[in-house]
$ cat start-v3.csv   # CSV, C-alpha atoms
chain,number,residue,atom,x,y,z
A,1,MET,CA,85.8,82.4,104.8
A,2,ALA,CA,88.9,84.0,103.4
A,3,LYS,CA,92.5,83.3,104.4
A,4,ILE,CA,94.2,86.6,105.0
A,5,GLY,CA,97.8,87.5,105.8
A,6,ILE,CA,98.5,90.8,107.5
A,7,LEU,CA,102.0,92.3,107.2
A,8,GLY,CA,102.4,94.6,110.1
A,9,ALA,CA,101.1,94.7,113.7
A,10,GLY,CA,100.5,98.4,114.3
A,11,THR,CA,97.2,99.9,115.5
A,12,TRP,CA,95.5,100.0,112.1
A,13,GLY,CA,96.6,96.5,111.0
A,14,MET,CA,95.5,95.0,114.3
A,15,ALA,CA,92.2,96.8,114.4
A,16,LEU,CA,91.5,95.4,110.9
A,17,THR,CA,92.8,91.9,112.0
A,18,ARG,CA,90.3,91.8,114.9
A,19,MET,CA,87.4,92.9,112.7
A,20,LEU,CA,88.2,90.3,110.0
A,21,ALA,CA,88.7,87.5,112.6
A,22,LYS,CA,85.4,88.4,114.3
A,23,GLU,CA,83.8,87.9,110.9
A,24,GLY,CA,85.2,84.4,110.7
A,25,HIS,CA,88.2,84.9,108.4
A,26,ASP,CA,91.4,83.0,108.9
A,27,THR,CA,94.0,85.6,109.9
A,28,THR,CA,97.7,85.4,110.3
A,29,VAL,CA,99.7,88.5,111.3
A,30,TRP,CA,103.4,88.9,110.5
A,31,SER,CA,105.7,91.3,112.4
A,32,ALA,CA,109.4,91.9,111.8
A,33,LEU,CA,109.8,92.4,115.5
A,34,ALA,CA,110.1,89.1,117.5
A,35,GLN,CA,109.0,90.9,120.7
A,36,GLU,CA,105.7,91.9,119.1
A,37,VAL,CA,105.0,88.3,117.9
A,38,GLU,CA,105.7,87.0,121.4
A,39,THR,CA,103.8,89.7,123.3
A,40,TYR,CA,100.6,89.7,121.1
A,41,SER,CA,100.5,85.9,121.0
A,42,THR,CA,100.5,85.7,124.8
A,43,THR,CA,98.7,88.9,125.9
A,44,ARG,CA,96.2,89.2,123.0
A,45,ARG,CA,96.6,93.0,123.4
A,46,GLN,CA,97.9,95.8,121.2
A,47,PRO,CA,99.3,98.4,123.7
A,48,ASN,CA,98.1,101.4,121.7
A,49,LEU,CA,94.6,100.0,121.6
A,50,PRO,CA,94.1,99.2,125.3
A,51,GLY,CA,90.4,98.3,125.2
A,52,MET,CA,90.8,95.8,122.3
A,53,VAL,CA,91.2,92.0,122.8
A,54,ILE,CA,92.7,90.1,119.9
A,55,PRO,CA,90.6,87.0,119.1
A,56,ASP,CA,92.3,83.6,120.0
A,57,SER,CA,91.9,82.5,116.4
A,58,VAL,CA,94.5,85.1,115.2
A,59,GLN,CA,97.9,83.6,114.5
A,60,PHE,CA,101.1,85.5,114.9
A,61,THR,CA,104.4,84.8,113.1
A,62,GLY,CA,107.8,86.2,112.4
A,63,ASN,CA,108.1,84.2,109.3
A,64,VAL,CA,107.0,86.2,106.2
A,65,GLN,CA,106.6,83.1,104.1
A,66,GLU,CA,104.1,81.7,106.6
A,67,ALA,CA,102.1,85.0,106.4
A,68,CYS,CA,102.1,85.1,102.6
A,69,SER,CA,101.6,81.5,101.5
A,70,GLY,CA,98.2,80.2,100.5
A,71,LYS,CA,96.3,83.5,101.2
A,72,ASP,CA,93.3,84.9,99.5
A,73,ILE,CA,94.3,88.4,100.4
A,74,LEU,CA,97.6,90.0,101.7
A,75,LEU,CA,97.2,93.1,103.7
A,76,PHE,CA,100.1,95.5,103.8
A,77,ALA,CA,99.8,97.4,107.1
A,78,VAL,CA,103.3,98.6,107.8
A,79,PRO,CA,104.2,102.4,107.9
A,80,SER,CA,104.8,103.9,104.5
A,81,VAL,CA,108.6,104.1,105.0
A,82,PHE,CA,108.7,100.3,105.4
A,83,VAL,CA,106.4,99.3,102.4
A,84,ARG,CA,109.2,98.8,100.0
A,85,SER,CA,111.4,96.7,102.3
A,86,THR,CA,108.4,94.6,103.3
A,87,ALA,CA,107.4,94.1,99.6
A,88,LYS,CA,111.0,93.1,98.9
A,89,ALA,CA,111.0,90.6,101.7
A,90,ALA,CA,107.6,89.1,100.8
A,91,ALA,CA,108.1,89.0,97.0
A,92,PRO,CA,109.6,85.5,96.8
A,93,PHE,CA,106.5,84.1,98.5
A,94,ILE,CA,103.7,86.1,96.7
A,95,PRO,CA,102.1,84.1,93.8
A,96,GLN,CA,101.2,85.6,90.5
A,97,GLY,CA,97.8,87.3,90.6
A,98,GLN,CA,97.7,87.7,94.4
A,99,ILE,CA,95.2,90.3,95.7
A,100,ILE,CA,97.2,92.8,97.8
A,101,VAL,CA,95.5,95.4,99.9
A,102,ASP,CA,97.6,98.3,101.1
A,103,VAL,CA,96.5,100.5,104.0
A,104,ALA,CA,99.7,102.6,104.4
A,105,LYS,CA,99.3,106.2,103.3
A,106,GLY,CA,102.3,108.0,101.8
A,107,ILE,CA,104.3,108.9,98.7
A,108,GLU,CA,107.9,107.8,98.3
A,109,PRO,CA,110.3,110.7,98.0
A,110,ASP,CA,112.3,111.0,94.8
A,111,THR,CA,110.4,108.2,92.9
A,112,LEU,CA,107.1,109.9,93.8
A,113,LEU,CA,105.4,106.5,93.7
A,114,THR,CA,102.3,105.8,95.8
A,115,MET,CA,102.3,102.8,98.1
A,116,THR,CA,100.6,100.4,95.6
A,117,GLN,CA,103.1,101.6,93.0
A,118,VAL,CA,106.0,100.9,95.4
A,119,ILE,CA,104.7,97.4,95.9
A,120,GLU,CA,104.2,96.9,92.1
A,121,ASP,CA,107.8,98.2,91.6
A,122,GLU,CA,109.1,95.5,93.8
A,123,LEU,CA,106.9,92.6,92.6
A,124,GLY,CA,106.9,93.5,88.9
A,125,LYS,CA,104.2,95.1,86.8
A,126,GLY,CA,101.0,93.0,86.7
A,127,ALA,CA,102.3,90.5,89.2
A,128,ALA,CA,99.6,91.3,91.8
A,129,ARG,CA,96.1,92.7,91.9
A,130,LEU,CA,96.5,95.8,94.0
A,131,VAL,CA,93.9,97.6,96.1
A,132,ALA,CA,94.3,100.7,98.1
A,133,LEU,CA,92.1,100.8,101.2
A,134,SER,CA,91.7,104.4,102.5
A,135,GLY,CA,89.3,106.7,104.2
A,136,PRO,CA,88.3,108.3,107.6
A,137,THR,CA,89.1,105.3,109.7
A,138,HIS,CA,90.8,105.7,113.1
A,139,ALA,CA,91.9,102.4,114.4
A,140,GLU,CA,90.7,103.3,117.9
A,141,GLU,CA,87.1,103.5,116.7
A,142,VAL,CA,87.2,100.5,114.4
A,143,ALA,CA,88.6,98.5,117.4
A,144,GLN,CA,85.4,99.4,119.3
A,145,ASP,CA,83.0,98.5,116.4
A,146,LEU,CA,81.9,102.0,115.8
A,147,PRO,CA,80.3,102.6,112.4
A,148,THR,CA,83.0,103.4,109.8
A,149,THR,CA,83.2,103.8,106.0
A,150,ILE,CA,86.1,103.2,103.7
A,151,VAL,CA,87.1,103.1,100.0
A,152,ALA,CA,88.6,100.1,98.2
A,153,ALA,CA,90.4,101.6,95.2
A,154,SER,CA,91.7,99.6,92.3
A,155,LYS,CA,92.0,99.5,88.5
A,156,ASP,CA,91.0,95.9,88.8
A,157,GLU,CA,87.2,96.1,89.4
A,158,ASP,CA,86.9,92.4,90.4
A,159,ALA,CA,89.7,92.8,93.0
A,160,ALA,CA,88.0,95.9,94.5
A,161,LEU,CA,84.7,94.0,94.6
A,162,LYS,CA,86.3,91.0,96.3
A,163,VAL,CA,87.8,93.3,99.0
A,164,GLN,CA,84.5,95.1,99.4
A,165,GLN,CA,82.8,91.7,100.0
A,166,ILE,CA,85.3,90.5,102.6
A,167,PHE,CA,85.8,93.8,104.5
A,168,MET,CA,82.2,94.9,104.6
A,169,ASN,CA,80.0,94.1,107.6
A,170,ASP,CA,77.5,95.8,109.9
A,171,VAL,CA,80.1,98.2,111.3
A,172,MET,CA,82.3,98.7,108.2
A,173,ARG,CA,80.8,100.0,105.0
A,174,VAL,CA,83.1,99.7,101.9
A,175,TYR,CA,82.7,101.7,98.7
A,176,THR,CA,84.8,101.0,95.5
A,177,ASN,CA,86.6,103.6,93.4
A,178,SER,CA,88.7,103.2,90.3
A,179,ASP,CA,90.7,106.4,90.8
A,180,VAL,CA,93.7,104.8,92.6
A,181,PRO,CA,96.1,107.8,92.2
A,182,GLY,CA,93.5,110.2,93.6
A,183,VAL,CA,92.7,108.0,96.6
A,184,GLU,CA,96.3,107.5,97.4
A,185,LEU,CA,97.3,111.1,96.9
A,186,CYS,CA,94.5,112.2,99.4
A,187,GLY,CA,95.7,109.6,101.9
A,188,ALA,CA,99.2,111.0,101.9
A,189,MET,CA,98.6,114.7,101.6
A,190,LYS,CA,95.8,115.0,104.3
A,191,ASN,CA,98.4,114.1,107.0
A,192,ILE,CA,100.3,117.3,106.2
A,193,MET,CA,97.2,119.4,106.5
A,194,ALA,CA,96.5,117.7,109.8
A,195,LEU,CA,99.9,118.8,111.1
A,196,ALA,CA,98.9,122.4,110.2
A,197,SER,CA,95.5,122.0,111.9
A,198,GLY,CA,97.1,120.7,115.1
A,199,ALA,CA,99.7,123.5,115.1
A,200,ALA,CA,96.9,126.1,114.8
A,201,LEU,CA,95.2,124.5,117.9
A,202,GLY,CA,98.6,124.6,119.7
A,203,LEU,CA,98.9,128.3,118.9
A,204,GLY,CA,95.6,128.9,120.6
A,205,TYR,CA,93.6,129.6,117.4
A,206,GLY,CA,89.9,128.7,117.1
A,207,ASP,CA,87.3,126.9,115.0
A,208,ASN,CA,87.5,129.6,112.3
A,209,THR,CA,91.1,128.9,111.7
A,210,LYS,CA,90.6,125.1,111.7
A,211,ALA,CA,87.8,125.4,109.2
A,212,ALA,CA,90.0,127.6,107.0
A,213,LEU,CA,92.9,125.2,107.1
A,214,ILE,CA,90.7,122.2,106.3
A,215,THR,CA,89.0,123.9,103.4
A,216,ARG,CA,92.1,125.5,101.9
A,217,GLY,CA,94.0,122.4,102.5
A,218,MET,CA,91.5,120.4,100.5
A,219,HIS,CA,91.8,123.1,97.8
A,220,GLU,CA,95.5,122.5,97.6
A,221,ILE,CA,95.2,118.7,97.5
A,222,THR,CA,92.5,119.0,94.8
A,223,THR,CA,94.5,121.4,92.7
A,224,LEU,CA,97.5,119.0,92.7
A,225,GLY,CA,95.2,116.1,91.9
A,226,ILE,CA,93.6,117.8,88.9
A,227,ALA,CA,97.1,118.6,87.6
A,228,MET,CA,98.0,114.9,88.0
A,229,GLY,CA,95.0,113.7,86.1
A,230,CYS,CA,93.0,112.4,89.0
A,231,ASP,CA,89.1,112.3,89.2
A,232,VAL,CA,88.0,115.4,91.0
A,233,ARG,CA,85.1,113.5,92.6
A,234,THR,CA,87.6,111.5,94.7
A,235,PHE,CA,88.6,114.6,96.5
A,236,TYR,CA,85.1,115.3,97.7
A,237,GLY,CA,84.5,111.7,98.8
A,238,LEU,CA,85.5,109.6,101.8
A,239,ALA,CA,89.2,109.3,100.9
A,240,GLY,CA,89.4,113.0,100.3
A,241,ILE,CA,87.5,115.5,102.4
A,242,GLY,CA,86.3,112.6,104.7
A,243,ASP,CA,89.7,111.5,105.7
A,244,LEU,CA,91.0,115.1,105.9
A,245,ILE,CA,88.2,116.1,108.4
A,246,VAL,CA,88.8,113.1,110.7
A,247,THR,CA,92.6,113.4,110.6
A,248,ALA,CA,92.6,117.2,111.1
A,249,THR,CA,90.2,117.3,114.0
A,250,SER,CA,90.3,114.0,116.0
A,251,VAL,CA,92.1,113.4,119.3
A,252,HIS,CA,93.0,110.0,117.8
A,253,SER,CA,95.1,111.6,115.1
A,254,ARG,CA,98.9,111.3,115.5
A,255,ASN,CA,99.4,114.0,112.9
A,256,ASN,CA,97.0,116.4,114.6
A,257,ARG,CA,98.6,115.7,118.0
A,258,CYS,CA,102.1,116.2,116.7
A,259,GLY,CA,101.1,119.5,115.1
A,260,HIS,CA,99.5,120.6,118.4
A,261,LEU,CA,102.8,120.0,120.2
A,262,ILE,CA,104.7,121.9,117.6
A,263,GLY,CA,102.3,124.8,117.9
A,264,GLN,CA,102.9,124.8,121.6
A,265,GLY,CA,106.6,125.3,121.0
A,266,MET,CA,108.0,121.8,120.9
A,267,LYS,CA,110.6,121.0,118.4
A,268,PRO,CA,109.3,118.7,115.6
A,269,GLU,CA,111.7,115.8,116.5
A,270,ASP,CA,110.7,116.0,120.1
A,271,ALA,CA,107.0,116.2,119.2
A,272,VAL,CA,107.3,113.0,117.1
A,273,ARG,CA,109.1,111.3,120.1
A,274,GLU,CA,106.3,112.4,122.4
A,275,VAL,CA,103.6,111.0,120.1
A,276,GLY,CA,105.5,107.7,120.2
A,277,MET,CA,104.2,106.3,116.9
A,278,VAL,CA,104.9,107.0,113.2
A,279,VAL,CA,103.8,110.5,112.2
A,280,GLU,CA,103.1,110.0,108.4
A,281,GLY,CA,102.6,113.7,107.8
A,282,ILE,CA,106.3,114.4,108.6
A,283,ASN,CA,107.3,111.6,106.2
A,284,ALA,CA,105.0,113.0,103.4
A,285,ILE,CA,106.5,116.5,103.3
A,286,PRO,CA,109.5,115.8,101.0
A,287,ALA,CA,107.4,114.1,98.3
A,288,ALA,CA,104.7,116.8,98.6
A,289,MET,CA,107.4,119.5,98.0
A,290,GLN,CA,108.7,117.5,95.0
A,291,LEU,CA,105.2,117.0,93.5
A,292,LYS,CA,104.2,120.7,93.8
A,293,LYS,CA,107.4,121.6,92.0
A,294,LYS,CA,107.0,119.0,89.3
A,295,TYR,CA,103.4,120.1,88.5
A,296,GLY,CA,104.0,123.8,89.0
A,297,ILE,CA,101.4,124.1,91.7
A,298,SER,CA,101.2,126.8,94.4
A,299,MET,CA,100.7,125.1,97.8
A,300,PRO,CA,101.3,127.6,100.5
A,301,LEU,CA,100.1,125.4,103.3
A,302,VAL,CA,102.5,122.6,102.3
A,303,ASP,CA,105.2,125.3,102.1
A,304,ALA,CA,104.2,126.5,105.6
A,305,VAL,CA,104.4,123.1,107.2
A,306,ASP,CA,107.7,122.4,105.5
A,307,ALA,CA,109.1,125.7,106.8
A,308,VAL,CA,108.1,124.9,110.4
A,309,VAL,CA,109.1,121.3,110.4
A,310,ASN,CA,112.2,121.3,108.3
A,311,GLN,CA,113.5,124.8,108.4
A,312,GLY,CA,112.8,125.9,112.0
A,313,ALA,CA,110.4,128.7,111.1
A,314,ASP,CA,108.3,130.4,113.8
A,315,PRO,CA,104.7,129.1,113.4
A,316,LYS,CA,103.2,132.5,114.3
A,317,GLU,CA,105.3,134.2,111.7
A,318,ILE,CA,104.3,131.6,109.1
A,319,VAL,CA,100.6,132.2,109.9
A,320,ARG,CA,101.1,136.0,109.5
A,321,SER,CA,102.7,135.5,106.1
A,322,LEU,CA,99.8,133.2,105.0
A,323,MET,CA,97.2,135.8,106.0
A,324,THR,CA,98.9,138.7,104.3
A,325,ARG,CA,99.4,137.1,100.8
A,326,ALA,CA,98.1,138.9,97.8
A,327,PRO,CA,94.3,138.8,97.4
A,328,LYS,CA,92.8,136.3,94.9
A,329,SER,CA,89.6,134.6,93.9
A,330,GLU,CA,88.4,131.5,95.7
A,331,LEU,CA,87.5,130.0,92.4
A,332,ASP,CA,91.1,130.2,91.1
A,333,TYR,CA,92.3,126.6,90.7
A,334,ARG,CA,95.7,127.5,89.5
A,335,GLY,CA,96.9,127.2,93.1
A,336,SER,CA,96.2,128.6,96.6
$ encode --input "start-v3.csv" --output "structure tokens"
Amino acid sequence: MAKIGILGAGTWGMALTRMLAKEGHDTTVWSALAQEVETYSTTRRQPNLPGMVIPDSVQFTGNVQEACSGKDILLFAVPSVFVRSTAKAAAPFIPQGQIIVDVAKGIEPDTLLTMTQVIEDELGKGAARLVALSGPTHAEEVAQDLPTTIVAASKDEDAALKVQQIFMNDVMRVYTNSDVPGVELCGAMKNIMALASGAALGLGYGDNTKAALITRGMHEITTLGIAMGCDVRTFYGLAGIGDLIVTATSVHSRNNRCGHLIGQGMKPEDAVREVGMVVEGINAIPAAMQLKKKYGISMPLVDAVDAVVNQGADPKEIVRSLMTRAPKSELDYRGS
């Protein structure tokens, strides 16, 4: 049995908490919101996972020291925009060599650091053994014990194997991967492509359009990854095409739903409000625009989503401009 501290009480963090507690692990969940701590402690429910019951063994706390102290694993499950502040708050209570698992998906604007790099930046280089846990994993399905696969990515093989051992069971299959930048890049960028896929649905387009967006979106992500020195195999694995497919097609996807609302004519800020939860694709756009410029990569789908979300462009006009670009070879990996 492992002692696990979970920082963050959103849907993904709570779905994993339930799974780990059911497997007999000692789990303590920290939330910065006192109301969440009180509500979950008494109701044993997460409102966005209405069918899920939180096991009585799960402890809740508003004290970050209590969540961090004496744990075999710390799980960072806060939205990407709160990873740095959470790492800063937790840093005094994290011992040297602590295994930290991050499930947030994003890239910090300006610094262009991935989430595990943000944590390392706050704790100090080499202070923790960092693992990125990523893949096609909707919390709504994990909360129902539906078969799911995921990737534990780390440069520390022993840490990845430890996470694999603890998180793997008869409904969760865990693979390891040493290409941490590739896994984290996929996790951030696929949310932008899911916005595009949702917008296409909102515009009334069909399966042909969706398939094109997923395929060319993966092409853009892979092209950027190659330029950044990532392992191309990652992009055709669970954290790459697997996560993109589920995020760009599922009714559970916040990014897909937000894009759908935008495609139907809703303003982006109103669409985010309607979704009612963090839409990571919106948060990922600034870093994506900076990365494509840094590496000199053509990423027209990223440009298109940025134009619609941040510049007020008409989605239908953007689609027309995408379709009428100059002809090129599909095998050209200099950009899309």
$ residues_around --input "start-v3.csv" --residues "region 101-118 of chain A" --least-positions-apart "3" --cutoff "8 Å" --atoms "all atoms listed in the file" --output "ChimeraX atom specification"
/A:73-81,83-84,121-122,130-134,181,184-185,187-189,280,283-284,286-288,290-291
$ residues_around --input "start-v3.csv" --residues "Arg129 (chain A)" --least-positions-apart "6" --cutoff "9 Å" --atoms "all atoms listed in the file" --output "ChimeraX atom specification"
/A:96-101,154-156,159
$ atom_distance --input "start-v3.csv" --atom1 "CA of Ile297 (chain A)" --atom2 "CA of Cys230 (chain A)"
14.7 Å
$ closest_residue --input "start-v3.csv" --among "A:Thr215, A:Gln165, A:Ser253, A:Thr148" --to "Asn191 (chain A)" --atoms "only C-alpha atoms"
A:Ser253
$ closest_residue --input "start-v3.csv" --among "A:Leu331, A:Ala34, A:Val53, A:Cys68" --to "Ile6 (chain A)" --atoms "all atoms listed in the file"
A:Cys68
$ closest_residue --input "start-v3.csv" --among "A:His138, A:Lys22, A:Leu203, A:Gly70" --to "Asp56 (chain A)" --atoms "only C-alpha atoms"
A:Lys22
$ residues_around --input "start-v3.csv" --residues "Ala32 (chain A)" --least-positions-apart "3" --cutoff "12 Å" --atoms "all atoms listed in the file" --output "MDAnalysis selection string"
chainID A and resid 6:10 29 35:38 60:64 67 78 82 85:86 89:90
$ atom_distance --input "start-v3.csv" --atom1 "CA of Leu244 (chain A)" --atom2 "CA of Thr137 (chain A)"
10.7 Å
$ closest_residue --input "start-v3.csv" --among "A:Asp231, A:Asp207, A:Asp243, A:Asp158" --to "Met193 (chain A)" --atoms "all atoms listed in the file"
A:Asp243
$ axis_aligned_box --input "start-v3.csv" --around "region 124-138 of chain A" --padding-each-side "8 Å" --output "AutoDock Vina command-line options"
--center_x 97.6 --center_y 99.4 --center_z 99.9 --size_x 34.6 --size_y 33.8 --size_z 42.4
$ closest_residue --input "start-v3.csv" --among "A:Glu23, A:Asp170, A:Asp72, A:Asp270" --to "Ala2 (chain A)" --atoms "all atoms listed in the file"
A:Asp72
$ atom_distance --input "start-v3.csv" --atom1 "CA of Ile119 (chain A)" --atom2 "CA of Gly5 (chain A)"
15.6 Å
$ closest_residue --input "start-v3.csv" --among "A:Pro136, A:Pro315, A:Gly263, A:Gly182" --to "Ala248 (chain A)" --atoms "all atoms listed in the file"
A:Pro136
$ residues_around --input "start-v3.csv" --residues "Gln65 (chain A)" --least-positions-apart "6" --cutoff "9 Å" --atoms "only C-alpha atoms" --output "VMD selection string"
chain A and resid 90 92 to 94
$ residues_around --input "start-v3.csv" --residues "region 14-18 of chain A" --least-positions-apart "5" --cutoff "7 Å" --atoms "only C-alpha atoms" --output "PyMOL selection string"
chain A and resi 9+27+54-55+139+142-143
$ residues_near_point --input "start-v3.csv" --point "(99.1, 99.8, 123.3)" --cutoff "12 Å" --atoms "all atoms listed in the file" --output "tab-separated table (two decimals) with C-alpha atoms, keeping the file's coordinate frame"
chain	number	residue	atom	x	y	z
A	9	ALA	CA	101.10	94.70	113.70
A	10	GLY	CA	100.50	98.40	114.30
A	11	THR	CA	97.20	99.90	115.50
A	12	TRP	CA	95.50	100.00	112.10
A	14	MET	CA	95.50	95.00	114.30
A	15	ALA	CA	92.20	96.80	114.40
A	36	GLU	CA	105.70	91.90	119.10
A	39	THR	CA	103.80	89.70	123.30
A	40	TYR	CA	100.60	89.70	121.10
A	43	THR	CA	98.70	88.90	125.90
A	44	ARG	CA	96.20	89.20	123.00
A	45	ARG	CA	96.60	93.00	123.40
A	46	GLN	CA	97.90	95.80	121.20
A	47	PRO	CA	99.30	98.40	123.70
A	48	ASN	CA	98.10	101.40	121.70
A	49	LEU	CA	94.60	100.00	121.60
A	50	PRO	CA	94.10	99.20	125.30
A	51	GLY	CA	90.40	98.30	125.20
A	52	MET	CA	90.80	95.80	122.30
A	53	VAL	CA	91.20	92.00	122.80
A	139	ALA	CA	91.90	102.40	114.40
A	140	GLU	CA	90.70	103.30	117.90
A	276	GLY	CA	105.50	107.70	120.20
A	277	MET	CA	104.20	106.30	116.90
